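A.B. asks: Pasting coords28.csv here (CSV, C-alpha atoms):
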chain,number,residue,atom,x,y,z
A,17,MET,CA,-15.9,11.4,55.0
A,18,GLY,CA,-19.4,9.8,54.8
A,19,ASN,CA,-20.4,11.7,58.0
A,20,LEU,CA,-20.1,15.0,56.3
A,21,HIS,CA,-22.7,14.0,53.8
A,22,SER,CA,-25.3,12.9,56.4
A,23,ARG,CA,-28.0,15.2,55.2
A,24,LYS,CA,-28.9,13.9,51.7
A,25,TYR,CA,-29.5,16.6,49.2
A,26,THR,CA,-29.9,16.2,45.5
A,27,LEU,CA,-28.7,19.0,43.4
A,28,SER,CA,-31.1,20.1,40.6
A,29,GLN,CA,-30.0,21.3,37.2
A,30,ASN,CA,-31.6,24.6,38.2
A,31,ASP,CA,-29.4,24.9,41.3
A,32,PHE,CA,-26.3,24.1,39.2
A,33,ASP,CA,-27.3,26.6,36.5
A,34,SER,CA,-27.7,29.4,39.0
A,35,PHE,CA,-24.4,28.5,40.5
A,36,LEU,CA,-22.6,28.7,37.2
A,37,GLU,CA,-24.3,32.0,36.4
A,38,TRP,CA,-23.1,33.4,39.8
A,39,LEU,CA,-19.5,32.4,38.9
A,40,ASP,CA,-19.6,34.0,35.5
A,41,PRO,CA,-22.5,35.0,33.2
A,42,ASP,CA,-20.5,33.3,30.3
A,43,ARG,CA,-21.2,29.6,30.6
A,44,GLU,CA,-17.8,28.5,29.3
A,45,SER,CA,-15.9,30.9,31.6
A,46,ALA,CA,-18.1,29.7,34.5
A,47,GLY,CA,-17.0,26.1,33.7
A,48,HIS,CA,-13.4,27.1,33.8
A,49,LYS,CA,-13.8,29.0,37.1
A,50,TYR,CA,-15.6,26.1,38.6
A,51,GLU,CA,-12.7,23.8,37.8
A,52,GLU,CA,-10.2,26.3,39.0
A,53,VAL,CA,-12.0,26.8,42.3
A,54,ARG,CA,-12.2,23.1,42.8
A,55,ARG,CA,-8.5,22.6,42.0
A,56,ARG,CA,-7.4,25.3,44.5
A,57,LEU,CA,-9.8,24.1,47.3
A,58,ILE,CA,-8.3,20.6,46.9
A,59,LYS,CA,-4.8,22.0,47.3
A,60,MET,CA,-5.9,24.0,50.3
A,61,PHE,CA,-7.3,20.9,52.0
A,62,GLU,CA,-4.2,19.0,51.1
A,63,CYS,CA,-2.1,21.7,52.8
A,64,ARG,CA,-4.2,21.4,55.9
A,65,GLY,CA,-3.3,17.8,56.0
A,66,CYS,CA,-6.7,16.3,55.1
A,67,ALA,CA,-6.6,12.8,53.8
A,68,VAL,CA,-9.6,13.2,51.5
A,69,PRO,CA,-9.1,16.7,49.9
A,70,GLU,CA,-11.2,16.0,46.8
A,71,ASP,CA,-14.2,15.0,48.9
A,72,LEU,CA,-13.9,18.1,51.1
A,73,ALA,CA,-13.6,20.3,48.0
A,74,ASP,CA,-16.7,18.7,46.5
A,75,GLU,CA,-18.6,19.1,49.8
A,76,THR,CA,-17.7,22.8,50.0
A,77,ILE,CA,-18.9,23.4,46.4
A,78,SER,CA,-22.0,21.4,47.0
A,79,ARG,CA,-22.9,23.4,50.2
A,80,VAL,CA,-22.4,26.6,48.3
A,81,ILE,CA,-24.8,25.4,45.5
A,82,ARG,CA,-27.4,24.4,48.1
A,83,ILE,CA,-27.6,28.0,49.4
A,84,MET,CA,-27.3,29.6,46.0
A,85,GLY,CA,-30.6,31.4,46.3
A,86,GLU,CA,-29.6,33.1,49.5
A,87,ILE,CA,-26.1,34.0,48.2
A,88,SER,CA,-27.1,35.5,44.9
A,89,THR,CA,-29.4,38.0,46.7
A,90,ASN,CA,-27.3,38.8,49.8
A,91,TYR,CA,-23.7,38.4,48.8
A,92,ALA,CA,-21.9,40.8,46.4
A,93,GLY,CA,-18.2,40.0,46.9
A,94,ASP,CA,-15.7,37.7,45.2
A,95,PRO,CA,-17.2,34.2,44.9
A,96,THR,CA,-13.8,32.7,45.8
A,97,LEU,CA,-13.9,34.3,49.2
A,98,TYR,CA,-17.3,32.9,49.9
A,99,PHE,CA,-16.0,29.4,49.1
A,100,TYR,CA,-13.2,30.0,51.5
A,101,GLY,CA,-15.6,30.7,54.3
A,102,VAL,CA,-17.5,27.5,53.6
A,103,ALA,CA,-14.3,25.5,53.2
A,104,ARG,CA,-13.2,26.5,56.7
A,105,LYS,CA,-16.4,25.3,58.2
A,106,VAL,CA,-16.2,22.0,56.2
A,107,HIS,CA,-12.6,21.6,57.5
A,108,LEU,CA,-13.6,22.2,61.1
A,109,GLU,CA,-16.2,19.5,60.9
A,110,TYR,CA,-13.8,17.2,59.2
A,111,ALA,CA,-11.0,17.8,61.8
A,112,ARG,CA,-13.4,17.1,64.7
A,113,LYS,CA,-14.6,13.8,63.1
A,114,SER,CA,-11.2,12.6,62.1
A,115,ALA,CA,-9.1,13.6,65.1
A,116,VAL,CA,-8.6,10.0,66.2
A,117,SER,CA,-7.5,8.7,62.8
A,118,LEU,CA,-5.2,11.7,62.2
A,119,ALA,CA,-3.4,11.0,65.5
A,120,ALA,CA,-2.2,7.7,64.1
A,121,GLY,CA,0.2,9.5,61.6
A,122,PRO,CA,1.3,8.5,58.2
A,123,ASP,CA,2.8,5.1,57.3
A,124,MET,CA,5.4,5.5,54.7
A,125,ASP,CA,5.6,1.8,54.0
A,126,ASP,CA,2.0,1.2,53.2
A,127,ALA,CA,1.5,-1.1,50.2
A,128,ASP,CA,5.0,-0.2,48.8
A,129,ASP,CA,6.2,-3.8,48.7
A,130,GLU,CA,9.1,-5.1,46.7
A,131,ARG,CA,6.9,-5.8,43.7
A,132,SER,CA,5.5,-2.3,43.3
A,133,GLY,CA,9.1,-0.9,43.9
A,134,ALA,CA,10.3,-2.9,40.9
A,135,GLN,CA,7.3,-1.9,38.8
A,136,ARG,CA,7.9,1.8,39.7
A,137,GLU,CA,11.5,1.6,38.6
A,138,ASP,CA,10.5,-0.1,35.4
A,139,CYS,CA,7.8,2.5,34.7
A,140,LEU,CA,10.3,5.3,35.5
A,141,ASN,CA,12.7,3.8,33.0
A,142,ARG,CA,10.0,3.7,30.2
A,143,CYS,CA,8.8,7.2,31.0
A,144,LEU,CA,12.3,8.7,31.0
A,145,GLN,CA,12.9,7.2,27.6
A,146,SER,CA,9.7,9.0,26.4
A,147,LEU,CA,11.1,12.4,27.3
A,148,SER,CA,13.0,14.5,24.8
A,149,ALA,CA,16.8,14.0,25.1
A,150,GLU,CA,17.2,17.5,26.4
A,151,ASN,CA,14.5,17.1,29.1
A,152,ARG,CA,15.9,13.7,30.1
A,153,GLU,CA,19.4,15.1,30.5
A,154,LEU,CA,18.0,18.0,32.6
A,155,ILE,CA,16.1,15.8,35.0
A,156,LEU,CA,18.9,13.3,35.4
A,157,ARG,CA,21.4,16.0,36.1
A,158,TYR,CA,19.0,17.8,38.5
A,159,TYR,CA,18.6,14.6,40.5
A,160,GLY,CA,22.1,13.3,40.0
A,161,ASN,CA,23.8,15.6,42.4
A,162,GLU,CA,25.0,13.7,45.5
A,163,LYS,CA,24.5,16.6,47.8
A,164,GLY,CA,20.9,17.0,46.7
A,165,ILE,CA,19.4,20.0,44.9
A,166,SER,CA,21.2,23.0,46.2
A,167,ILE,CA,21.0,26.7,45.2
A,168,GLN,CA,24.5,26.2,43.8
A,169,THR,CA,23.5,23.2,41.7
A,170,ARG,CA,20.6,25.2,40.2
A,171,LYS,CA,22.7,28.2,39.5
A,172,GLN,CA,25.4,26.1,37.8
A,173,LEU,CA,22.8,24.3,35.7
A,174,ALA,CA,21.0,27.5,34.8
A,175,ASN,CA,24.3,29.1,33.7
A,176,GLU,CA,25.1,26.2,31.5
A,177,LEU,CA,21.7,26.3,29.9
A,178,GLY,CA,21.8,30.1,29.6
A,179,ILE,CA,18.5,30.6,31.5
A,180,ALA,CA,17.5,32.2,34.8
A,181,PRO,CA,17.5,29.9,37.9
A,182,ASN,CA,13.8,30.5,38.3
A,183,THR,CA,13.1,29.5,34.7
A,184,LEU,CA,15.1,26.3,35.3
A,185,ARG,CA,13.0,25.7,38.5
A,186,LEU,CA,9.8,26.0,36.6
A,187,ARG,CA,11.0,23.8,33.7
A,188,GLU,CA,12.2,21.2,36.1
A,189,PHE,CA,8.9,21.3,37.9
A,190,ARG,CA,7.0,20.7,34.6
A,191,ILE,CA,9.2,17.9,33.5
A,192,ARG,CA,9.0,16.2,36.8
A,193,ALA,CA,5.2,16.6,36.9
A,194,ALA,CA,4.9,15.1,33.4
A,195,LEU,CA,7.2,12.3,34.4
A,196,GLN,CA,5.3,11.5,37.5
A,197,ASN,CA,2.0,11.4,35.6
A,198,CYS,CA,3.5,9.0,33.1
A,199,VAL,CA,4.8,6.8,35.9
A,200,GLU,CA,1.3,6.8,37.6
A,201,GLU,CA,-0.4,5.8,34.3
A,202,CYS,CA,2.2,3.1,33.7
A,203,LEU,CA,1.6,1.7,37.2
A,204,LYS,CA,-2.1,1.6,36.6
A,205,ARG,CA,-1.6,-0.6,33.6
A,206,TYR,CA,0.2,-3.1,35.8
A,207,ASP,CA,-2.7,-3.0,38.2
A,208,GLY,CA,-5.3,-3.3,35.4
B,2,MET,CA,14.0,39.8,45.7
B,3,GLU,CA,13.7,40.1,49.5
B,4,GLN,CA,10.0,40.0,49.2
B,5,LEU,CA,10.1,36.9,47.1
B,6,VAL,CA,12.3,35.1,49.7
B,7,GLU,CA,9.9,36.2,52.5
B,8,ARG,CA,7.0,34.9,50.5
B,9,GLU,CA,8.6,31.6,49.9
B,10,GLU,CA,9.5,31.3,53.5
B,11,SER,CA,5.9,31.8,54.6
B,12,ILE,CA,4.7,29.3,52.0
B,13,ARG,CA,7.3,26.8,53.4
B,14,LYS,CA,6.0,27.3,56.9
B,15,TYR,CA,2.4,27.0,55.7
B,16,LEU,CA,3.2,23.7,54.1
B,17,LEU,CA,4.9,22.5,57.2
B,18,GLY,CA,1.8,23.5,59.2
B,19,GLU,CA,3.8,26.1,61.2
B,20,LEU,CA,2.1,29.4,60.4
B,21,PRO,CA,0.1,31.3,63.0
B,22,TYR,CA,-3.7,31.3,62.3
B,23,ASP,CA,-3.9,34.9,60.8
B,24,GLU,CA,-1.0,34.3,58.5
B,25,GLN,CA,-2.4,31.0,57.4
B,26,THR,CA,-5.6,32.8,56.4
B,27,GLU,CA,-3.6,35.3,54.3
B,28,VAL,CA,-1.8,32.5,52.6
B,29,GLU,CA,-5.0,30.6,51.9
B,30,ILE,CA,-6.8,33.6,50.4
B,31,LEU,CA,-3.8,34.2,48.1
B,32,LEU,CA,-3.8,30.5,47.3
B,33,LEU,CA,-7.4,30.7,46.2
B,34,THR,CA,-7.3,34.0,44.4
B,35,ASP,CA,-3.8,34.5,42.9
B,36,GLU,CA,-2.8,32.2,40.1
B,37,GLU,CA,0.9,33.1,40.4
B,38,TYR,CA,0.9,32.4,44.1
B,39,PHE,CA,-0.8,29.0,43.5
B,40,GLY,CA,2.0,28.1,41.1
B,41,GLU,CA,4.7,29.2,43.6
B,42,LEU,CA,3.2,27.1,46.3
B,43,ARG,CA,3.3,24.1,44.1
B,44,LEU,CA,6.9,24.7,43.3
B,45,VAL,CA,7.9,25.0,47.0
B,46,GLU,CA,5.8,21.9,47.7
B,47,GLY,CA,7.8,19.9,45.1
B,48,GLU,CA,11.1,21.2,46.4
B,49,LEU,CA,10.2,20.3,50.0
B,50,THR,CA,9.6,16.8,48.8
B,51,ASP,CA,13.0,16.7,47.0
B,52,GLU,CA,14.8,18.1,50.0
B,53,PHE,CA,13.1,15.5,52.3
B,54,VAL,CA,14.3,12.7,50.0
B,55,PHE,CA,17.8,14.1,49.8
B,56,GLY,CA,17.9,14.6,53.6
B,57,SER,CA,18.9,18.2,53.2
B,58,LEU,CA,16.3,19.6,55.6
B,59,SER,CA,17.0,20.5,59.2
B,60,ASP,CA,16.0,17.9,61.8
B,61,HIS,CA,13.0,20.0,62.8
B,62,GLU,CA,11.8,20.4,59.2
B,63,GLN,CA,12.3,16.7,58.6
B,64,GLU,CA,10.1,15.9,61.6
B,65,ARG,CA,7.4,18.4,60.4
B,66,ILE,CA,7.4,16.7,57.0
B,67,LYS,CA,6.7,13.4,58.6
B,68,ASP,CA,4.1,14.6,61.0
B,69,HIS,CA,2.2,17.1,58.8
B,70,PHE,CA,3.2,17.2,55.2
B,71,LEU,CA,3.1,13.5,54.6
B,72,SER,CA,-0.2,12.9,56.2
B,73,ILE,CA,-1.7,12.9,52.6
B,74,PRO,CA,-1.4,9.8,50.5
B,75,LYS,CA,-0.8,11.8,47.4
B,76,ARG,CA,2.3,13.4,48.9
B,77,ARG,CA,3.6,10.0,50.1
B,78,GLU,CA,3.3,8.9,46.5
B,79,GLU,CA,5.4,11.9,45.4
B,80,VAL,CA,8.0,10.9,47.9
B,81,LYS,CA,8.1,7.4,46.6
B,82,PHE,CA,8.4,8.7,43.1
B,83,THR,CA,11.3,11.0,44.0
B,84,GLN,CA,13.0,8.2,45.9
B,85,ALA,CA,12.7,6.0,42.8
B,86,LEU,CA,14.1,8.8,40.6
B,87,GLU,CA,17.0,9.4,43.0
B,88,ARG,CA,17.8,5.7,43.1
B,89,TYR,CA,17.6,5.4,39.3
B,90,VAL,CA,19.9,8.3,38.8
B,91,SER,CA,22.4,7.1,41.3
B,92,GLN,CA,22.5,3.7,39.6
B,93,LEU,CA,23.3,5.4,36.3
B,94,GLU,CA,26.6,6.8,37.6
B,95,THR,CA,29.3,5.0,35.7
B,96,PRO,CA,32.1,3.4,37.7
B,97,ASP,CA,35.7,4.5,37.5
B,98,PRO,CA,37.3,2.4,34.8
B,99,SER,CA,40.5,1.9,36.8
B,100,SER,CA,38.4,0.2,39.5
B,101,ILE,CA,37.4,-2.6,37.1
B,102,SER,CA,39.8,-5.5,37.5
B,103,TRP,CA,41.0,-7.6,34.5
B,104,GLU,CA,38.9,-10.6,35.8
B,105,ASN,CA,35.8,-8.4,35.9
B,106,GLY,CA,36.5,-7.1,32.4
B,107,LEU,CA,36.8,-10.7,31.1
B,108,ALA,CA,33.6,-11.8,32.8
B,109,GLU,CA,31.8,-8.8,31.4
B,110,ALA,CA,33.1,-9.6,27.9
B,111,GLN,CA,31.7,-13.1,28.2
B,112,GLU,CA,28.4,-11.9,29.4
B,113,ASN,CA,28.2,-9.4,26.5
B,114,ARG,CA,29.0,-12.2,24.0
B,115,TYR,CA,26.2,-14.4,25.5
B,116,LEU,CA,23.7,-11.4,25.3
B,117,LEU,CA,24.7,-10.7,21.7
B,118,SER,CA,24.2,-14.2,20.6
B,119,THR,CA,20.8,-14.3,22.5
B,120,LEU,CA,19.7,-11.2,20.6
B,121,VAL,CA,20.8,-12.3,17.1
B,122,GLU,CA,20.3,-16.0,16.9
B,123,GLU,CA,17.1,-17.6,15.5
B,124,ASP,CA,16.6,-14.8,13.0
B,125,TRP,CA,16.9,-12.0,15.6
B,126,VAL,CA,14.0,-13.3,17.7
B,127,GLY,CA,15.7,-12.1,20.9
B,128,LEU,CA,16.1,-8.5,19.6
B,129,HIS,CA,12.4,-8.4,18.4
B,130,LEU,CA,11.2,-9.7,21.8
B,131,LEU,CA,13.2,-7.1,23.7
B,132,ALA,CA,11.9,-4.3,21.4
B,133,LEU,CA,8.3,-5.5,22.0
B,134,LEU,CA,8.8,-5.6,25.7
B,135,ARG,CA,10.3,-2.2,25.8
B,136,SER,CA,7.1,-0.8,24.4
B,137,SER,CA,5.0,-2.5,27.1
B,138,PRO,CA,4.9,-5.4,29.6
B,139,GLN,CA,3.4,-8.4,27.9
B,140,GLU,CA,2.4,-12.0,28.4
B,141,LYS,CA,4.0,-14.8,26.5
B,142,SER,CA,0.8,-15.4,24.5
B,143,GLU,CA,0.8,-11.8,23.2
B,144,LEU,CA,4.5,-12.1,22.2
B,145,VAL,CA,3.8,-15.3,20.3
B,146,ALA,CA,0.9,-13.7,18.5
B,147,LYS,CA,2.8,-10.6,17.6
B,148,LEU,CA,5.9,-12.4,16.3
B,149,GLY,CA,3.8,-15.1,14.5
B,150,ALA,CA,6.1,-17.8,16.1
B,151,ASP,CA,5.2,-20.7,18.3
B,152,TYR,CA,5.8,-21.2,22.0
B,153,SER,CA,8.7,-23.7,21.5
B,154,ALA,CA,10.6,-21.1,19.5
B,155,ILE,CA,10.1,-18.2,21.9
B,156,THR,CA,10.5,-19.9,25.3
B,157,PRO,CA,14.2,-20.7,25.2
B,158,VAL,CA,15.0,-17.2,23.9
B,159,LEU,CA,12.9,-15.6,26.7
B,160,ILE,CA,14.8,-17.7,29.2
B,161,ARG,CA,18.2,-16.5,27.9
B,162,LEU,CA,17.0,-12.9,27.9
B,163,LEU,CA,16.0,-13.4,31.6
B,164,GLU,CA,19.5,-14.9,32.3
B,165,CYS,CA,21.1,-11.9,30.7
B,166,GLY,CA,19.1,-9.6,32.9
B,167,VAL,CA,17.6,-7.6,30.0
B,168,VAL,CA,14.1,-8.9,30.7
B,169,GLU,CA,12.3,-9.7,34.0
B,170,ARG,CA,9.2,-11.6,34.7
B,171,GLN,CA,6.4,-10.9,37.2
B,172,TYR,CA,3.7,-13.5,37.4
B,173,ASP,CA,2.9,-14.1,33.7
B,174,VAL,CA,4.1,-10.7,32.5
B,175,PHE,CA,7.5,-10.1,31.0
B,176,PHE,CA,9.0,-6.6,30.8
B,177,ALA,CA,12.3,-5.0,29.7
B,178,THR,CA,14.7,-4.0,32.5
B,179,SER,CA,16.9,-0.9,32.7
B,180,LEU,CA,19.7,-2.9,31.2
B,181,GLY,CA,17.3,-4.0,28.4
B,182,PHE,CA,16.5,-0.4,27.6
B,183,GLU,CA,20.2,0.6,27.7
B,184,THR,CA,21.1,-2.3,25.4
B,185,LEU,CA,18.5,-1.4,22.8
B,186,LEU,CA,19.5,2.2,22.9
B,187,LYS,CA,23.1,1.4,22.3
B,188,ILE,CA,22.2,-0.9,19.4
B,189,GLU,CA,19.9,1.8,17.9
B,190,ASN,CA,22.6,4.5,18.3
B,191,ALA,CA,25.3,2.3,16.8
B,192,ALA,CA,23.2,1.1,13.9
B,193,GLY,CA,21.4,4.5,13.4
B,194,ILE,CA,18.0,2.7,13.4
B,195,SER,CA,14.9,2.7,15.5
B,196,LEU,CA,13.5,-0.6,16.7
B,197,GLY,CA,10.0,0.9,17.3
If you convert what's in this file into structure tokens, what do you get?

C.D. replies:
Amino acid sequence: MGNLHSRKYTLSQNDFDSFLEWLDPDRESAGHKYEEVRRRLIKMFECRGCAVPEDLADETISRVIRIMGEISTNYAGDPTLYFYGVARKVHLEYARKSAVSLAAGPDMDDADDERSGAQREDCLNRCLQSLSAENRELILRYYGNEKGISIQTRKQLANELGIAPNTLRLREFRIRAALQNCVEECLKRYDG
Amino acid sequence: MEQLVEREESIRKYLLGELPYDEQTEVEILLLTDEEYFGELRLVEGELTDEFVFGSLSDHEQERIKDHFLSIPKRREEVKFTQALERYVSQLETPDPSSISWENGLAEAQENRYLLSTLVEEDWVGLHLLALLRSSPQEKSELVAKLGADYSAITPVLIRLLECGVVERQYDVFFATSLGFETLLKIENAAGISLG
């Protein structure tokens, strides 16, 4: 990623202030919008298969800030769409520079030795205990189906809980995300 | 409803890197501008990970997952997490009681007796140790300090807990195993207490 930052540019407070003003005249809302744009750019770069999505999102935002003076006088549309245009350019440069390394493909076994497998299981155990009994039951049943998570499984579970299948889907997603965060934090404690 | 299915299908193709360029642009603009769409994409992303782990994708999709979807370290971590969860849940499945032989039953009873005595002897040191290790992995020196006991009192109990399989050790750190968690939970439920 270092190559994309070849031209050193230090952002001034003034640049950053005009950038926030462009996003939203209200400073607090501008801060939220900034976070939101960054989050979504990261996801977009992830979906494009980039190994360093955070760096690319930051590079995109930084480039937009650099030409803030120009944008604020010449561009009147939705700021998000402007980010999109810049992000595509950043991605193009990234793809050219990392073509060789991307060709190598992912390695599923990297650094997942026996030790970290046992630690992950231990952390999972702890984190499952920290869930409410209802949420724990839900996640265990959701992943306990031998045939995997089918539409039928979801319908049956949703019926039992008296909720719509899509609500169940969302609930499962949230519990799983919380559980995964907990496991990641727990694994960090092992490393620390 | 049909629209929703189509939308999910296009998100799925996008995540597998299979959308034509113009459709990819449409998806990405929605991803950046529409909160609901962003949430939907994350749901489909999680479900693709689950289906990959459960092997319920088509051969073609399975290949696309390996070639495209898993090129990001974060997603590979998610796969590892899901695999661990799937493994954990499958281990929880209780065996059919009729498949347990009389000899197995006797061996189990003896193991339980040994575990029970390990937990209760020496003024319940074993139980206190297991409860401490459930809250977080710890070194022996921390356990000694917390229990206000000396090394010679704690070491034999720790060894017995290791033999019973309720505690494991990695380097200098001890931690409670799944069996340790289950054991404490059973004791708490039966006694109606919380061991902290």

A.B. asks: Within 12 Å of Asp33 (chain A), counting all atoms listed in the file, which residues qualify if same-chain residues fewer than 2 places away don't, as a short mmCIF file (atom, residue, chain, number, x, y, z; two decimals) with C-alpha atoms, in the frame of the given file?

C.D. replies:
data_model
loop_
_atom_site.label_atom_id
_atom_site.label_comp_id
_atom_site.auth_asym_id
_atom_site.auth_seq_id
_atom_site.Cartn_x
_atom_site.Cartn_y
_atom_site.Cartn_z
CA LEU A 27 -28.70 19.00 43.40
CA SER A 28 -31.10 20.10 40.60
CA GLN A 29 -30.00 21.30 37.20
CA ASN A 30 -31.60 24.60 38.20
CA ASP A 31 -29.40 24.90 41.30
CA PHE A 35 -24.40 28.50 40.50
CA LEU A 36 -22.60 28.70 37.20
CA GLU A 37 -24.30 32.00 36.40
CA TRP A 38 -23.10 33.40 39.80
CA LEU A 39 -19.50 32.40 38.90
CA ASP A 40 -19.60 34.00 35.50
CA PRO A 41 -22.50 35.00 33.20
CA ASP A 42 -20.50 33.30 30.30
CA ARG A 43 -21.20 29.60 30.60
CA ALA A 46 -18.10 29.70 34.50
CA GLY A 47 -17.00 26.10 33.70
CA TYR A 50 -15.60 26.10 38.60
CA ILE A 81 -24.80 25.40 45.50
CA ARG A 82 -27.40 24.40 48.10
CA MET A 84 -27.30 29.60 46.00
CA GLY A 85 -30.60 31.40 46.30
#

A.B. asks: Please determine, counting all atoms listed in the file, which residue among A:Lys113, A:Asn141, A:Val80, A:Leu195 has the shortest atom-to-atom distance to Pro95 (chain A).

C.D. replies: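 Closest residue, counting all atoms listed in the file: A:Val80.
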
A.B. asks: Taking all atoms listed in the file into account, report as number ranges by chain which residues of chain B lie within 8 Å of chain A.

C.D. replies: B: 15-16, 18, 29-30, 32-34, 39, 44, 47, 51-52, 55-57, 67-74, 77, 79, 82, 85-87, 89-91, 135-136, 177-179, 182

A.B. asks: Considering all atoms listed in the file, state which residue in the set A:Asp207, A:Glu201, A:Asp71, A:Glu153 is at the smallest distance from Tyr110 (chain A).

C.D. replies: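 For Tyr110 (chain A), the nearest of the given residues is A:Asp71.
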
A.B. asks: Calculate how many Å separate CA of Leu185 (chain B) from CA of His129 (chain B), rounding to one decimal.

C.D. replies: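 Distance reported for this atom pair: 10.3 Å.
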
A.B. asks: Which value, in Å to one decimal, gives the distance between CA of Leu203 (chain A) and CA of Glu78 (chain B)?

C.D. replies: 11.9 Å

A.B. asks: By how many Å are CA of Ser132 (chain A) and CA of Cys165 (chain B) apart?

C.D. replies: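 Result for CA of Ser132 (chain A) versus CA of Cys165 (chain B): 22.2 Å, one decimal.
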
A.B. asks: Choose the residue, out of A:His48, A:Ile58, A:Thr183, A:Ser88, that has the smallest atom-to-atom separation from Ala103 (chain A); count only C-alpha atoms.

C.D. replies: A:Ile58
